[in-house]
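> My structure file run_11.txt, compact mmCIF, C-alpha atoms, is below:
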# COMPACT_ATOMS: atom_id res chain seq x y z
CA VAL A 1 193.85 157.22 18.66
CA GLY A 2 192.59 155.78 15.39
CA GLU A 3 192.56 159.21 13.73
CA ALA A 4 196.05 159.98 15.06
CA ARG A 5 197.41 156.75 13.58
CA LYS A 6 195.82 157.56 10.20
CA MET A 7 197.41 161.02 10.27
CA LEU A 8 200.80 159.53 11.12
CA ALA A 9 200.53 156.97 8.31
CA ALA A 10 199.54 159.67 5.82
CA ALA A 11 202.40 161.94 6.87
CA GLU A 12 204.97 159.14 6.63
CA ALA A 13 203.64 158.12 3.23
CA ALA A 14 203.93 161.72 2.03
CA GLY A 15 207.39 162.17 3.57
CA VAL A 16 206.43 165.26 5.57
CA VAL A 17 207.01 166.25 9.21
CA HIS A 18 204.35 165.00 11.64
CA LEU A 19 204.48 165.97 15.31
CA LEU A 20 202.56 167.25 18.30
CA GLY A 21 203.90 170.47 19.79
CA THR A 22 204.27 169.84 23.53
CA GLU A 23 206.44 172.85 24.32
CA TRP A 24 205.73 172.81 28.05
CA ARG A 25 208.41 170.16 28.58
CA PHE A 26 211.01 172.85 27.81
CA GLY A 27 209.77 175.26 30.49
CA THR A 28 212.44 175.79 33.15
CA GLY A 29 210.50 174.29 36.06
CA GLN A 30 209.10 171.29 34.21
CA ALA A 31 212.45 170.51 32.58
CA LEU A 32 214.20 170.62 35.98
CA LEU A 33 211.54 168.42 37.59
CA SER A 34 211.96 165.82 34.84
CA ARG A 35 215.73 165.93 35.18
CA ALA A 36 215.64 165.61 38.96
CA VAL A 37 213.35 162.57 38.85
CA ARG A 38 215.30 160.86 36.07
CA GLU A 39 218.62 161.47 37.82
CA GLY A 40 217.34 159.70 40.95
CA VAL A 41 217.09 162.66 43.31
CA ILE A 42 214.00 161.04 44.89
CA GLY A 43 214.94 157.43 44.17
CA GLU A 44 212.69 155.36 41.92
CA PRO A 45 209.46 157.20 41.05
CA ARG A 46 206.36 155.56 42.51
CA PHE A 47 203.49 158.04 42.05
CA GLY A 48 202.89 161.28 40.16
CA LEU A 49 200.13 163.83 40.69
CA PHE A 50 199.37 166.34 37.94
CA ALA A 51 196.27 168.44 38.66
CA LEU A 52 194.79 171.75 37.53
CA GLN A 53 191.44 173.42 38.23
CA ILE A 54 190.54 176.82 36.78
CA PRO A 55 187.13 178.55 36.48
CA SER A 56 187.26 179.62 32.81
CA LEU A 57 183.88 178.15 31.86
CA VAL A 58 182.01 178.62 35.14
CA ASP A 59 180.45 181.70 33.55
CA PRO A 60 178.00 180.43 30.90
CA GLY A 61 178.63 183.60 28.91
CA ALA A 62 182.38 183.03 28.59
CA GLU A 63 183.52 183.38 24.98
CA LEU A 64 184.52 180.12 23.34
CA PRO A 65 185.07 179.14 19.69
CA ALA A 66 182.20 177.04 18.35
CA TRP A 67 184.51 174.15 17.43
CA TRP A 68 185.93 174.00 20.98
CA GLU A 69 182.48 173.10 22.34
CA ASP A 70 181.93 170.39 19.73
CA GLU A 71 183.24 166.90 20.46
CA ALA A 72 182.93 165.95 16.78
CA GLU A 73 185.24 168.85 15.84
CA GLY A 74 187.95 167.78 18.28
CA GLY A 75 187.10 170.31 20.97
CA GLY A 76 187.51 169.81 24.69
CA TRP A 77 189.87 170.27 27.62
CA LEU A 78 191.55 166.88 27.31
CA GLY A 79 192.91 167.70 23.89
CA ALA A 80 193.67 171.35 24.65
CA HIS A 81 195.40 170.84 28.00
CA GLY A 82 195.60 167.15 28.78
CA SER A 83 197.82 166.37 25.79
CA HIS A 84 200.56 168.55 27.31
CA VAL A 85 200.21 166.90 30.72
CA ILE A 86 200.46 163.42 29.20
CA ASP A 87 203.79 164.52 27.72
CA GLN A 88 204.91 165.76 31.14
CA ILE A 89 204.04 162.41 32.70
CA ARG A 90 205.87 160.44 30.01
CA THR A 91 209.03 162.57 30.16
CA THR A 92 209.07 162.80 33.96
CA VAL A 93 207.76 159.53 35.36
CA GLY A 94 207.77 156.99 32.55
CA GLU A 95 206.01 155.52 29.52
CA VAL A 96 202.35 154.57 29.75
CA GLU A 97 201.43 150.87 29.96
CA SER A 98 197.72 151.10 30.79
CA VAL A 99 195.15 153.83 31.40
CA SER A 100 191.69 154.38 32.85
CA ALA A 101 189.90 157.66 32.14
CA LEU A 102 186.70 159.59 32.75
CA LEU A 103 185.58 162.68 30.83
CA GLN A 104 182.91 165.09 32.08
CA THR A 105 181.21 168.30 31.00
CA LEU A 106 180.53 170.48 34.04
CA ALA A 107 180.07 173.90 32.42
CA PRO A 108 176.49 175.27 32.32
CA ARG A 109 176.45 175.27 28.51
CA PRO A 110 173.60 173.05 27.20
CA ALA A 111 174.89 173.00 23.61
CA MET A 112 178.38 171.88 24.60
CA THR A 113 179.22 168.27 23.73
CA ALA A 114 182.99 168.37 24.32
CA ASP A 115 184.59 167.70 27.72
CA ASP A 116 185.80 170.38 30.10
CA THR A 117 186.98 168.01 32.85
CA TYR A 118 189.12 164.89 32.79
CA THR A 119 190.36 162.40 35.39
CA VAL A 120 192.90 159.84 34.20
CA GLN A 121 194.85 157.15 36.04
CA PHE A 122 198.00 155.70 34.51
CA ARG A 123 200.09 152.63 35.17
CA LEU A 124 203.59 153.33 33.91
CA ALA A 125 206.62 151.32 32.96
CA GLY A 126 208.60 150.32 36.05
CA GLY A 127 205.52 150.00 38.23
CA ALA A 128 204.84 153.68 38.97
CA THR A 129 201.36 155.16 38.73
CA ALA A 130 200.10 158.67 38.01
CA LEU A 131 196.89 160.61 38.43
CA MET A 132 196.08 163.36 35.92
CA HIS A 133 193.11 165.60 36.66
CA GLY A 134 192.15 168.84 35.00
CA SER A 135 189.12 171.08 34.67
CA CYS A 136 188.41 174.50 33.21
CA ALA A 137 184.90 174.57 34.68
CA ILE A 138 185.39 174.36 38.46
CA GLY A 139 185.11 177.52 40.54
CA GLY A 140 186.53 178.32 43.91
CA GLN A 141 190.14 178.07 44.96
CA PHE A 142 192.74 177.79 42.20
CA LEU A 143 194.40 174.38 42.20
CA MET A 144 197.64 173.40 40.48
CA SER A 145 199.99 170.58 41.41
CA SER A 146 202.85 168.74 39.71
CA LYS A 147 204.38 166.36 42.26
CA VAL A 148 206.28 163.08 42.04
CA THR A 149 206.90 160.75 44.99
CA GLY A 150 209.76 158.27 44.87
CA THR A 151 211.35 155.65 47.09
CA THR A 152 213.55 158.19 48.90
CA GLY A 153 211.66 161.49 48.67
CA THR A 154 209.27 163.79 46.84
CA ALA A 155 209.82 166.51 44.24
CA TRP A 156 207.32 169.13 43.14
CA LEU A 157 206.89 172.29 41.12
CA GLN A 158 206.46 175.59 42.95
CA GLY A 159 206.09 178.19 40.21
CA ASP A 160 209.22 177.84 38.08
CA GLU A 161 211.14 176.39 41.02
CA VAL A 162 211.55 172.71 41.87
CA TRP A 163 211.51 171.70 45.51
CA VAL A 164 212.45 168.35 47.02
CA ASP A 165 212.17 166.72 50.41
CA THR A 166 214.24 163.62 51.00
CA GLY A 167 213.77 163.51 54.76
CA SER A 168 215.73 166.53 55.94
CA GLY A 169 213.14 169.17 55.08
CA PRO A 170 212.06 170.91 51.86
CA ARG A 171 214.72 172.63 49.78
CA ALA A 172 214.77 174.31 46.40
CA LEU A 173 216.99 172.88 43.69
CA ASP A 174 219.44 175.14 41.92
CA THR A 175 218.48 175.78 38.29
CA PRO A 176 221.25 174.76 35.87
CA ALA A 177 222.26 177.41 33.35
CA ASP A 178 221.24 175.24 30.40
CA LEU A 179 217.60 175.22 31.59
CA VAL A 180 217.25 178.98 31.98
CA LEU A 181 215.16 180.36 29.13
CA GLY A 182 215.71 183.79 27.64
CA PRO A 183 212.91 186.27 27.01
CA PRO A 184 210.49 185.20 24.27
CA ASP A 185 210.71 186.76 20.84
CA PRO A 186 208.13 189.54 20.41
CA PRO A 187 205.37 189.01 17.86
CA PRO A 188 206.13 190.42 14.39
CA ALA A 189 203.86 193.44 14.90
CA GLU A 190 205.90 194.50 17.95
CA ARG A 191 209.35 194.03 16.48
CA PRO A 192 211.27 197.25 15.71
CA ARG A 193 211.53 198.01 12.04
CA PRO A 194 214.96 198.84 10.60
CA VAL A 195 215.36 202.54 9.91
CA GLU A 196 216.96 203.35 6.60
CA PRO A 197 219.35 206.33 6.82
CA PRO A 198 218.61 209.25 4.50
CA SER A 199 220.36 209.02 1.17
CA SER A 200 223.77 210.68 1.10
CA ARG A 201 224.11 210.47 -2.67
CA PRO A 202 224.14 213.80 -4.50
CA LEU A 203 221.02 214.49 -6.52
CA LEU A 204 220.91 215.57 -10.12
CA VAL A 205 219.33 218.95 -10.73
CA ILE A 206 216.60 218.70 -13.34
CA PRO A 207 214.96 222.03 -14.10
CA GLY A 208 211.18 221.98 -13.79
CA VAL A 209 211.05 218.58 -12.01
CA THR A 210 210.14 218.30 -8.32
CA ALA A 211 211.58 215.37 -6.37
CA PRO A 212 209.43 213.36 -3.91
CA PRO A 213 209.25 214.87 -0.40
CA SER A 214 211.56 212.16 0.97
CA ARG A 215 214.38 213.45 -1.23
CA ARG A 216 213.82 217.18 -0.76
CA THR A 217 215.44 217.20 2.66
CA ALA A 218 218.21 214.72 1.91
CA GLN A 219 221.46 216.20 3.13
CA LYS A 220 225.06 215.32 2.50
CA PRO A 221 227.27 214.31 5.48
CA ALA A 222 229.62 217.10 6.46
CA ALA A 223 232.72 215.02 5.67
CA GLU A 224 231.69 214.26 2.07
CA PRO A 225 233.45 216.25 -0.66
CA ALA A 226 231.47 219.00 -2.39
CA PRO A 227 229.48 217.75 -5.42
CA ARG A 228 230.71 218.34 -8.92
CA ALA A 229 229.23 220.94 -11.19
CA GLY A 230 225.62 220.22 -12.11
CA VAL A 231 225.00 218.18 -8.99
CA SER A 232 223.58 219.48 -5.70
CA ASP A 233 222.80 218.10 -2.27
CA VAL A 234 219.30 219.61 -2.37
CA VAL A 235 216.62 219.28 -4.95
CA LEU A 236 215.68 222.33 -6.95
CA ALA A 237 212.21 222.53 -8.46
Kindly return the structure encoded in the file as structure tokens.


Amino acid sequence: VGEARKMLAAAEAAGVVHLLGTEWRFGTGQALLSRAVREGVIGEPRFGLFALQIPSLVDPGAELPAWWEDEAEGGGWLGAHGSHVIDQIRTTVGEVESVSALLQTLAPRPAMTADDTYTVQFRLAGGATALMHGSCAIGGQFLMSSKVTGTTGTAWLQGDEVWVDTGSGPRALDTPADLVLGPPDPPPAERPRPVEPPSSRPLLVIPGVTAPPSRRTAQKPAAEPAPRAGVSDVVLA
């Protein structure tokens, strides 16, 4: 927290943009869950559960950047994953008033000093609470849950769908058009390159000079008038 405040102060003093990219809030499912809770679909939120367990580091030979293992370098699962979940909790359930947290390192990697497991309990504005748990070093069954219970029902993520149960059985919410995301832009290396059409300009004939190969086969469109004297649509060596 202290380092983050220093970074913010430095950015404001320099007049530059300072932000944390928490793009998950714009995912279709998460955005719809936040909207449903804030619009009162389940009444006043009372408790939120946000949990994830994956086995990425169960294998001690799993590849990992050196800095990610080092607490002093800012490595760890809380920063890599938990920062996004904190944003989900704030935008879905409410602002944080108090917090209690425990960090652990469960992976069989003796040199690792950063955390790979976190368990955090929040008390939020309005009296709601939330439990945030995540680990990238627990094997067995995959676990993922984003669920909010309110005074009149419960809402949860099921893939990119949001389901609710307000007493008459579970049902999926319709996804509004403004929350449907289009396909992502491909990386630059996979984007098609514009193809330049072959030159249709007539070429000057220079005796004894050979044009580059790209101009030797340049041809004039059929509808173009015939070139004037001294000009040809093919290159002569």

> Could you tell me which of A:Ala111, A:Ile89, A:Ala172, A:Leu52 comes closest to A:Ser135 if we count only C-alpha atoms?

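Smallest distance to A:Ser135 is found for A:Leu52.
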
> Please build the interface table for stretch 135-180 of chain A against stretch 10-33 of chain A with a cut-off of 6 Å, listing for each qualifying residue the nearest atom pair and the distance in Å to one decimal; count all atoms listed in the file, order rows by chain and increasing number, and write it as CSV.


residue,atom,partner,partner_atom,distance
A:Asp160,CA,A:Gly29,CA,4.3
A:Glu161,CA,A:Gly29,CA,5.4
A:Leu179,CA,A:Thr28,CA,5.4
A:Val180,CA,A:Thr28,CA,5.9

> Which value, in Å to one decimal, gives the distance between atom CA of A:Lys147 and atom CA of A:Phe47?

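According to the coordinates, atom CA of A:Lys147 and atom CA of A:Phe47 are separated by 8.4 Å.
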
> Out of A:Pro55, A:Pro186, A:Gly159, A:Gly126, which residue has the shortest atom-to-atom distance to A:Gly139 when counting only C-alpha atoms?

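Using only C-alpha atoms, A:Gly139 sits closest to A:Pro55.
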
> Can you work out the spacing between atom CA of A:Gly76 and atom CA of A:Ala114 in Å, to one decimal?

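Computed distance, atom CA of A:Gly76 to atom CA of A:Ala114, equals 4.8 Å.
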
> Taking all atoms listed in the file into account, name the residue in A:Ser146, A:Asp116, A:Gly75, A:Pro65 that is nearest to A:Gln88.

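Selected residue with least distance to A:Gln88: A:Ser146.
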
> Could you work out how far atom CA of A:Arg109 lies from atom CA of A:Leu57, giving the answer in Å with one decimal?

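Rounded to one decimal, the two atoms are 8.6 Å apart.
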
> Rank nothing, just name the residue among A:Ala137, A:Leu157, A:Met144, A:Ala125 nearest to A:Pro108, using only C-alpha atoms.

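Counting only C-alpha atoms, the residue closest to A:Pro108 is A:Ala137.
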
> In terms of the shortest atom-to-atom distance over only C-alpha atoms, which of A:Val93, A:Ala72, A:Ala128, A:Cys136 is closest to A:Ser34?

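The closest residue to A:Ser34 is A:Val93.
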
> Could you list, as a list of chain:residue names, every residue within 12 Å of A:Ser168, counting only C-alpha atoms and ignoring same-chain residues fewer than 3 positions away?

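Near A:Ser168, the qualifying residues are A:Thr152, A:Gly153, A:Thr154, A:Val164, A:Asp165, A:Arg171.
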
> Between A:Thr91, A:Ser56, A:Glu71, A:His81, which one has atoms that come closest to A:Ala107, using all atoms listed in the file?

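Under the stated criterion, the closest residue is A:Ser56.
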